[in-house]
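Report on one structure; see the data block that follows.
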Amino acid sequence: MPYSLLIRNCGQLLTLAGGPTDRPLTGAALTDWQVLTDAFVACEGERIVAVGPMAALDEAKVTAETVVVDAGGRVVMPGLVECHTHLVFAGNRAQEFQRKLQGESYLDILASGGGILSTVRATRAASEAELLANALRHLEGFRRYGITTLEAKSGYGLDKDTELRLVRVAREAGRRQPVRVVPTFLGAHVVPPEYKGRGAAYLDFLATEVLPELRGEAEFVDIFCEEGAFSVPDSRRYLARARELGFGLKIHAEQLHDLGGSAMAAELGAVSVDHCDYLNAADAGRIAAAGATVAVLLPLVPLFLRQSTYAPGRQLIEQGVPVALSTDFNPGSCPSKNLWLALSVACLKMGFTLKEAVAAVTLNAAWALNRAAEIGSLVVGKRADMLVLDLRDYQEIPYWLGENPVQQVIIGGQAQQDS
């Protein structure tokens with residue numbers, strides 16, 4: 001069959017291929033993946049069917065019907081995978097940002113009824129149409145940054161009806177535009193006002209009244225295990241129940257304190273443990289031993305919150321922990337969609353090398369969503385999600401701090417046009 005899409009004259013093709021295919025990249029494998037020079041990628045429909053040097057291109061399969069993208073010697077790589085966002089919400093917290101600039105802490109603002117709870121009030125009051133319009137606008141922004149798959153957490157409803165609405169909106173937003181959306185249920189974000197002082201009772205409510213209605217709607221169940229949110233024992237019971245119901249598991253843990261939530265979740269088989277800023281070496285070793293649990297690090301959060309502690313990325317890599325990177329896009333601690341900036345900050349503040357960081361926003365981020373068989377690397381058979389960057393050397397990716405290098409986005413074998 002003729003190629004439906006061809007990207008030719010790739011100066012550097014970052015394939016992310018060459019490592020193990022049955023587990024996330026760790027250790028040396030984070031940097032051992034292949035970079036091809038003067039290369040091409042060919043697609044039939046939404047799948048990659050050929051990758052290689054230009055000299056090996058079968059020109060007979062390039063017909064008048066083939067859409068040809070000439071990379072002109074530029075960098076081509078897999079689409080970015082955003083494995084931790086809070087996509088669906090209403091309002092913003094610009095006023096609280098001013099309070100932070102005056103010295104108030106994240107937990108102080110939360111304790112005063114602000115933070116997550118202020119977004120909960122705005123989100124509960126918003127219509128489904130308003131929430132959908134906001135989500136679609138944000139997804140358009142993500143696509144411009146080269147994100148081709150994105151996880152969308154609920155968590156700003158904290159009641160049954162609104163939480164179900166947030167998952168429904170995330171799914172509908174995924175259907176209405178090309179970026180693939182993976183819904184995660186984070187009803188256990190914090191204890192809602194209606195259950196103040198009764199966190200365990202709220203988790204019981206979610207487990208009995210809400211989770212059964214989410215089977216087939218949300219793929220993962222998440223919980224915020226932290227002081228001011230949910231304890232390790234309560235989080236364990238809730239996640240164990242979610243696992244019994246067939247959900248994949250995730251956790252927000254070790255963001256502000258070392259409580260042991262990450263190691264606990266890895267023991268339960270969580271697909272990812274997220275934040276990890278205060279993760280200790282012993283618990284990191286337990287996560288590494290689990291084998292498939294990805295530590296999703298979020299470097300823009302401590303940057304935005306003006307905190308000095310960043311997740312120990314270099315230590316985690318050296319201990320053999322699979323690592324991924326994400327923005328944690330949300331209205332309170334990271335109102336940014338710029339995953340390229342997160343990549344640069346990971347290099348500057350977490351000890352990542354360039355190739356490790358690229359792997360962390362592509363293939364390992366795909367592992368953190370159970371999507372590595374489909375996306376995250378440019379190999380035959382995978383979904384054709386690709387980026388052409390306006391760069392001729394991939395060493396420039398973290399160097400141009402905060403800039404968006406994306407020239408062309410391809411999702412499912414279709415070249416995207418800016419709207």
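To be explicit about the labels: the chains of the structure tokens are called A, B, and onward in the order shown, and within each one the residues are counted from 1, while ligands get numbers from 1 in the order they are shown.
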| task | List the neighbours of Gly412 of chain A out to 7 Å using only C-alpha atoms; skip same-chain residues closer than 5 positions along the sequence, and give me the result as a list of chain:residue names. | result |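 Near neighbours after the sequence-gap exclusion: A:Glu46, A:Arg47, A:Arg383, A:Ala384, A:Asp385.
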| query | Out of segment 98-331 of chain A, which residues get strand (DSSP E) from DSSP, as an MDAnalysis selection string? | reply | chainID A and resid 147:153 180:188 220:225 248:253 272:275 294:297 323:325
Per residue of segment 3-31 of chain A within 12 Å of segment 280-288 of chain A, what are the shortest atom pair and its distance in Å to one decimal, counting only C-alpha atoms, with rows by chain and residue number, as a Markdown table?
| residue | atom | partner | partner_atom | distance |
| --- | --- | --- | --- | --- |
| A:Arg23 | CA | A:Ala288 | CA | 11.7 |
| A:Pro24 | CA | A:Ala288 | CA | 10.9 |
| A:Leu25 | CA | A:Ala288 | CA | 11.5 |
| A:Thr26 | CA | A:Ala288 | CA | 9.1 |
| A:Gly27 | CA | A:Ala288 | CA | 10.6 |
| query | Using only C-alpha atoms, which of the listed residues (A:Leu348, A:Val41, A:Leu117, A:Leu391) sits closest to Leu158 of chain A? | reply |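 Closest residue, counting only C-alpha atoms: A:Leu117.
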| Quick one: DSSP helix (DSSP H, G or I) residues in segment 123-207 of chain A, as a PyMOL selection string? | chain A and resi 123-125+128-144+160-176+193-195+199-207
Store the residues picked out above in a file with C-alpha atoms, as a short mmCIF file (atom, residue, chain, number, x, y, z; two decimals), in the first residue's frame.
data_model
loop_
_atom_site.label_atom_id
_atom_site.label_comp_id
_atom_site.auth_asym_id
_atom_site.auth_seq_id
_atom_site.Cartn_x
_atom_site.Cartn_y
_atom_site.Cartn_z
CA THR A 123 -16.34 24.28 39.64
CA ARG A 124 -19.49 23.19 41.43
CA ALA A 125 -21.16 26.42 40.26
CA GLU A 128 -21.21 21.38 32.06
CA ALA A 129 -21.05 23.48 28.88
CA GLU A 130 -18.73 25.98 30.58
CA LEU A 131 -16.46 23.23 31.89
CA LEU A 132 -16.30 21.62 28.44
CA ALA A 133 -15.47 24.92 26.75
CA ASN A 134 -12.66 25.51 29.27
CA ALA A 135 -11.28 22.00 28.76
CA LEU A 136 -11.29 22.33 24.98
CA ARG A 137 -9.51 25.67 25.19
CA HIS A 138 -6.84 24.17 27.42
CA LEU A 139 -6.43 21.15 25.14
CA GLU A 140 -5.86 23.46 22.19
CA GLY A 141 -3.08 25.11 24.18
CA PHE A 142 -1.56 21.74 25.06
CA ARG A 143 -1.62 20.66 21.42
CA ARG A 144 0.31 23.75 20.41
CA LYS A 160 -20.82 12.74 43.52
CA ASP A 161 -22.62 14.72 40.84
CA THR A 162 -19.79 17.16 40.11
CA GLU A 163 -17.07 14.52 40.15
CA LEU A 164 -19.00 12.37 37.68
CA ARG A 165 -19.53 15.48 35.56
CA LEU A 166 -15.79 16.21 35.49
CA VAL A 167 -14.97 12.72 34.26
CA ARG A 168 -17.75 12.98 31.68
CA VAL A 169 -16.45 16.34 30.47
CA ALA A 170 -12.90 14.98 30.16
CA ARG A 171 -14.13 12.09 28.04
CA GLU A 172 -16.24 14.37 25.84
CA ALA A 173 -13.34 16.80 25.40
CA GLY A 174 -11.22 13.89 24.21
CA ARG A 175 -13.83 12.98 21.62
CA ARG A 176 -14.12 16.51 20.22
CA PRO A 193 -16.45 20.87 53.60
CA GLU A 194 -19.42 18.52 54.03
CA TYR A 195 -17.09 15.89 55.54
CA GLY A 199 -11.86 12.00 55.91
CA ALA A 200 -12.23 8.23 56.32
CA ALA A 201 -16.01 8.52 56.00
CA TYR A 202 -15.62 10.52 52.79
CA LEU A 203 -13.37 7.84 51.31
CA ASP A 204 -15.94 5.21 52.27
CA PHE A 205 -18.59 7.26 50.46
CA LEU A 206 -16.44 7.46 47.32
CA ALA A 207 -15.69 3.74 47.42
#
Mind running segment 354-402 of chain A against segment 12-21 of chain A at 8 Å and telling me each contacting residue's nearest atom pair with the distance in Å (one decimal), counting only C-alpha atoms, chain and number ascending, as JSON lines?
{"residue": "A:Ala359", "atom": "CA", "partner": "A:Leu16", "partner_atom": "CA", "distance": 6.9}
{"residue": "A:Leu363", "atom": "CA", "partner": "A:Leu16", "partner_atom": "CA", "distance": 7.0}
{"residue": "A:Gly376", "atom": "CA", "partner": "A:Leu16", "partner_atom": "CA", "distance": 7.5}
{"residue": "A:Ser377", "atom": "CA", "partner": "A:Leu16", "partner_atom": "CA", "distance": 4.9}
{"residue": "A:Leu378", "atom": "CA", "partner": "A:Thr15", "partner_atom": "CA", "distance": 4.8}
{"residue": "A:Val379", "atom": "CA", "partner": "A:Ala17", "partner_atom": "CA", "distance": 6.7}
{"residue": "A:Arg392", "atom": "CA", "partner": "A:Gln12", "partner_atom": "CA", "distance": 7.3}
{"residue": "A:Asp393", "atom": "CA", "partner": "A:Gln12", "partner_atom": "CA", "distance": 7.1}
{"residue": "A:Tyr394", "atom": "CA", "partner": "A:Gln12", "partner_atom": "CA", "distance": 7.4}
| query | What gap, in Å, lies between atom CA of Leu305 of chain A and atom CA of Phe352 of chain A? | reply | 20.9 Å
| task | List the neighbours of Ser112 of chain A out to 12 Å using only C-alpha atoms; skip same-chain residues closer than 5 positions along the sequence, and give me the result as a ChimeraX atom specification. | result | /A:96,99,104-107,117-118,193,228
Export N, CA and C atoms of the chosen residues as a PDB file, in the first residue's frame?
ATOM      1  N   GLU A  96      -4.985  34.318  44.928  1.00  0.00           N
ATOM      2  CA  GLU A  96      -4.191  33.546  45.885  1.00  0.00           C
ATOM      3  C   GLU A  96      -2.707  33.576  45.531  1.00  0.00           C
ATOM      4  N   ARG A  99      -1.250  36.271  47.387  1.00  0.00           N
ATOM      5  CA  ARG A  99      -1.018  35.908  48.794  1.00  0.00           C
ATOM      6  C   ARG A  99       0.271  35.111  48.952  1.00  0.00           C
ATOM      7  N   GLU A 104       2.456  33.693  52.261  1.00  0.00           N
ATOM      8  CA  GLU A 104       1.608  32.615  52.763  1.00  0.00           C
ATOM      9  C   GLU A 104       1.961  31.298  52.073  1.00  0.00           C
ATOM     10  N   SER A 105       1.890  30.211  52.828  1.00  0.00           N
ATOM     11  CA  SER A 105       2.233  28.905  52.270  1.00  0.00           C
ATOM     12  C   SER A 105       1.011  28.247  51.644  1.00  0.00           C
ATOM     13  N   TYR A 106       1.271  27.215  50.864  1.00  0.00           N
ATOM     14  CA  TYR A 106       0.211  26.430  50.224  1.00  0.00           C
ATOM     15  C   TYR A 106      -0.752  25.882  51.269  1.00  0.00           C
ATOM     16  N   LEU A 107      -0.204  25.294  52.354  1.00  0.00           N
ATOM     17  CA  LEU A 107      -1.058  24.705  53.380  1.00  0.00           C
ATOM     18  C   LEU A 107      -1.806  25.765  54.180  1.00  0.00           C
ATOM     19  N   LEU A 117     -10.127  24.149  47.688  1.00  0.00           N
ATOM     20  CA  LEU A 117     -11.537  24.381  48.015  1.00  0.00           C
ATOM     21  C   LEU A 117     -12.113  25.588  47.286  1.00  0.00           C
ATOM     22  N   SER A 118     -11.296  26.598  46.995  1.00  0.00           N
ATOM     23  CA  SER A 118     -11.813  27.740  46.238  1.00  0.00           C
ATOM     24  C   SER A 118     -12.138  27.330  44.809  1.00  0.00           C
ATOM     25  N   PRO A 193     -15.891  20.225  52.399  1.00  0.00           N
ATOM     26  CA  PRO A 193     -16.450  20.873  53.596  1.00  0.00           C
ATOM     27  C   PRO A 193     -17.538  20.034  54.270  1.00  0.00           C
ATOM     28  N   GLY A 228      -3.096  17.370  55.799  1.00  0.00           N
ATOM     29  CA  GLY A 228      -4.169  18.242  55.352  1.00  0.00           C
ATOM     30  C   GLY A 228      -5.075  17.593  54.328  1.00  0.00           C
TER      31      GLY A 228
END
| request: Identify, on the basis of only C-alpha atoms, every residue whose closest approach to Glu244 of chain A does not exceed 12 Å; exclude the query and any residue fewer than 4 positions from it along the same chain; express the result as a ChimeraX atom specification. | output: /A:207,211-212,215,221,237-240,248-249,268-269
Residues from last step as file, all heavy atoms, as a short mmCIF file (atom, residue, chain, number, x, y, z; two decimals), in the first residue's frame:
data_model
loop_
_atom_site.label_atom_id
_atom_site.label_comp_id
_atom_site.auth_asym_id
_atom_site.auth_seq_id
_atom_site.Cartn_x
_atom_site.Cartn_y
_atom_site.Cartn_z
N ALA A 207 -15.88 5.15 47.77
CA ALA A 207 -15.69 3.74 47.42
C ALA A 207 -17.00 3.03 47.17
O ALA A 207 -17.10 2.16 46.29
CB ALA A 207 -14.89 3.03 48.50
N LEU A 211 -17.25 5.15 42.99
CA LEU A 211 -16.38 4.31 42.16
C LEU A 211 -17.15 3.28 41.34
O LEU A 211 -16.81 3.08 40.15
CB LEU A 211 -15.34 3.60 43.04
CG LEU A 211 -14.25 4.47 43.67
CD1 LEU A 211 -13.20 3.59 44.35
CD2 LEU A 211 -13.59 5.38 42.65
N PRO A 212 -18.17 2.61 41.87
CA PRO A 212 -18.89 1.64 41.02
C PRO A 212 -19.49 2.26 39.76
O PRO A 212 -19.61 1.58 38.74
CB PRO A 212 -19.97 1.11 41.96
CG PRO A 212 -19.40 1.26 43.33
CD PRO A 212 -18.64 2.57 43.28
N ARG A 215 -16.73 2.71 36.60
CA ARG A 215 -16.11 1.63 35.84
C ARG A 215 -16.45 1.79 34.37
O ARG A 215 -17.61 1.94 33.99
CB ARG A 215 -16.57 0.28 36.38
CG ARG A 215 -15.85 -0.10 37.67
CD ARG A 215 -16.24 -1.46 38.19
NE ARG A 215 -17.58 -1.44 38.77
CZ ARG A 215 -18.07 -2.43 39.52
NH1 ARG A 215 -17.35 -3.51 39.77
NH2 ARG A 215 -19.29 -2.34 40.02
N VAL A 221 -7.69 5.53 39.44
CA VAL A 221 -8.14 6.19 40.67
C VAL A 221 -6.91 6.73 41.37
O VAL A 221 -5.91 6.03 41.53
CB VAL A 221 -8.92 5.24 41.58
CG1 VAL A 221 -9.09 5.81 42.98
CG2 VAL A 221 -10.28 4.93 40.97
N ARG A 237 -6.34 1.81 52.25
CA ARG A 237 -7.64 1.13 52.20
C ARG A 237 -8.43 1.55 50.96
O ARG A 237 -9.04 0.71 50.29
CB ARG A 237 -8.43 1.45 53.47
CG ARG A 237 -7.95 0.71 54.71
CD ARG A 237 -8.94 0.86 55.86
NE ARG A 237 -9.03 2.23 56.33
CZ ARG A 237 -8.23 2.76 57.27
NH1 ARG A 237 -7.28 2.00 57.83
NH2 ARG A 237 -8.38 4.01 57.65
N TYR A 238 -8.40 2.82 50.66
CA TYR A 238 -9.14 3.33 49.50
C TYR A 238 -8.57 2.79 48.19
O TYR A 238 -9.33 2.32 47.32
CB TYR A 238 -9.09 4.85 49.53
CG TYR A 238 -9.77 5.54 48.37
CD1 TYR A 238 -11.15 5.51 48.22
CD2 TYR A 238 -9.02 6.23 47.42
CE1 TYR A 238 -11.78 6.17 47.17
CE2 TYR A 238 -9.63 6.90 46.36
CZ TYR A 238 -11.01 6.85 46.25
OH TYR A 238 -11.62 7.50 45.19
N LEU A 239 -7.26 2.83 48.04
CA LEU A 239 -6.65 2.32 46.81
C LEU A 239 -6.85 0.82 46.66
O LEU A 239 -7.05 0.32 45.54
CB LEU A 239 -5.17 2.68 46.77
CG LEU A 239 -4.83 4.16 46.59
CD1 LEU A 239 -3.32 4.37 46.64
CD2 LEU A 239 -5.39 4.70 45.28
N ALA A 240 -6.80 0.10 47.77
CA ALA A 240 -7.02 -1.35 47.70
C ALA A 240 -8.43 -1.65 47.20
O ALA A 240 -8.65 -2.57 46.40
CB ALA A 240 -6.78 -2.00 49.06
N GLY A 248 -6.87 1.06 37.63
CA GLY A 248 -5.46 1.29 37.84
C GLY A 248 -5.28 2.32 38.94
O GLY A 248 -6.16 3.15 39.19
N LEU A 249 -4.13 2.30 39.59
CA LEU A 249 -3.91 3.14 40.76
C LEU A 249 -2.84 4.19 40.51
O LEU A 249 -1.84 3.94 39.85
CB LEU A 249 -3.48 2.29 41.97
CG LEU A 249 -4.38 1.12 42.35
CD1 LEU A 249 -3.83 0.44 43.60
CD2 LEU A 249 -5.82 1.56 42.56
N LEU A 268 1.09 -1.68 46.25
CA LEU A 268 -0.23 -2.07 45.75
C LEU A 268 -0.27 -2.21 44.23
O LEU A 268 -1.30 -2.58 43.69
CB LEU A 268 -1.27 -1.04 46.19
CG LEU A 268 -1.61 -0.98 47.68
CD1 LEU A 268 -2.62 0.13 47.95
CD2 LEU A 268 -2.14 -2.31 48.19
N GLY A 269 0.84 -1.87 43.56
CA GLY A 269 0.89 -2.00 42.10
C GLY A 269 0.49 -0.75 41.35
O GLY A 269 0.08 -0.83 40.18
#
| Smallest atom-to-atom distance to Phe97 of chain A: which of A:Met264, A:Leu316, A:Cys334, A:Ile375, using only C-alpha atoms? |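 The shortest atom-to-atom distance to Phe97 of chain A comes from A:Cys334.
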| said: As an exercise, work out the distance from atom CA of Gly197 of chain A to atom CA of Arg236 of chain A in Å and give it to one decimal place. | reply: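 Straight-line distance from atom CA of Gly197 of chain A to atom CA of Arg236 of chain A works out to 18.6 Å.
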| Could you work out how far atom CA of Asn404 of chain A lies from atom CA of Val67 of chain A, giving the answer in Å with one decimal? |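 Rounded to one decimal, the two atoms are 24.6 Å apart.
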| message | What's around Ile48 of chain A at 6 Å? Count only C-alpha atoms, leave out sequence neighbours fewer than 3 positions away in its own chain, and write the answer as a PyMOL selection string. | response | chain A and resi 42-43+380-382+384
Write out, as a PDB file, in the first residue's frame, the residues just selected, with all heavy atoms.
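Result file follows (result.pdb):
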ATOM      1  N   ALA A  42       7.385   6.828   7.929  1.00  0.00           N
ATOM      2  CA  ALA A  42       6.265   6.666   7.005  1.00  0.00           C
ATOM      3  C   ALA A  42       5.085   6.024   7.730  1.00  0.00           C
ATOM      4  O   ALA A  42       5.264   5.181   8.613  1.00  0.00           O
ATOM      5  CB  ALA A  42       6.667   5.807   5.810  1.00  0.00           C
ATOM      6  N   CYS A  43       3.873   6.431   7.330  1.00  0.00           N
ATOM      7  CA  CYS A  43       2.661   5.970   7.991  1.00  0.00           C
ATOM      8  C   CYS A  43       1.652   5.469   6.972  1.00  0.00           C
ATOM      9  O   CYS A  43       1.619   5.927   5.824  1.00  0.00           O
ATOM     10  CB  CYS A  43       2.009   7.102   8.780  1.00  0.00           C
ATOM     11  SG  CYS A  43       3.142   8.024   9.831  1.00  0.00           S
ATOM     12  N   VAL A 380       7.722   0.857  14.276  1.00  0.00           N
ATOM     13  CA  VAL A 380       6.692   0.283  13.409  1.00  0.00           C
ATOM     14  C   VAL A 380       5.587  -0.332  14.258  1.00  0.00           C
ATOM     15  O   VAL A 380       5.835  -1.073  15.204  1.00  0.00           O
ATOM     16  CB  VAL A 380       7.314  -0.753  12.459  1.00  0.00           C
ATOM     17  CG1 VAL A 380       6.224  -1.523  11.700  1.00  0.00           C
ATOM     18  CG2 VAL A 380       8.258  -0.069  11.483  1.00  0.00           C
ATOM     19  N   GLY A 381       4.360   0.010  13.905  1.00  0.00           N
ATOM     20  CA  GLY A 381       3.197  -0.531  14.587  1.00  0.00           C
ATOM     21  C   GLY A 381       2.569   0.410  15.588  1.00  0.00           C
ATOM     22  O   GLY A 381       1.399   0.240  15.945  1.00  0.00           O
ATOM     23  N   LYS A 382       3.323   1.394  16.047  1.00  0.00           N
ATOM     24  CA  LYS A 382       2.773   2.321  17.027  1.00  0.00           C
ATOM     25  C   LYS A 382       1.969   3.423  16.345  1.00  0.00           C
ATOM     26  O   LYS A 382       2.072   3.659  15.142  1.00  0.00           O
ATOM     27  CB  LYS A 382       3.878   2.931  17.890  1.00  0.00           C
ATOM     28  CG  LYS A 382       4.388   1.991  18.976  1.00  0.00           C
ATOM     29  CD  LYS A 382       5.135   2.751  20.060  1.00  0.00           C
ATOM     30  CE  LYS A 382       5.538   1.843  21.199  1.00  0.00           C
ATOM     31  NZ  LYS A 382       6.198   2.581  22.300  1.00  0.00           N
ATOM     32  N   ALA A 384       0.945   6.967  15.122  1.00  0.00           N
ATOM     33  CA  ALA A 384       1.804   7.986  14.507  1.00  0.00           C
ATOM     34  C   ALA A 384       1.543   9.349  15.128  1.00  0.00           C
ATOM     35  O   ALA A 384       0.888  10.217  14.538  1.00  0.00           O
ATOM     36  CB  ALA A 384       1.578   8.019  12.999  1.00  0.00           C
TER      37      ALA A 384
END
| Using only C-alpha atoms, which of the listed residues (A:Gly332, A:Gly157, A:Pro183, A:Gly52) sits closest to Cys83 of chain A? |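 The answer is A:Pro183, which sits nearest to Cys83 of chain A.
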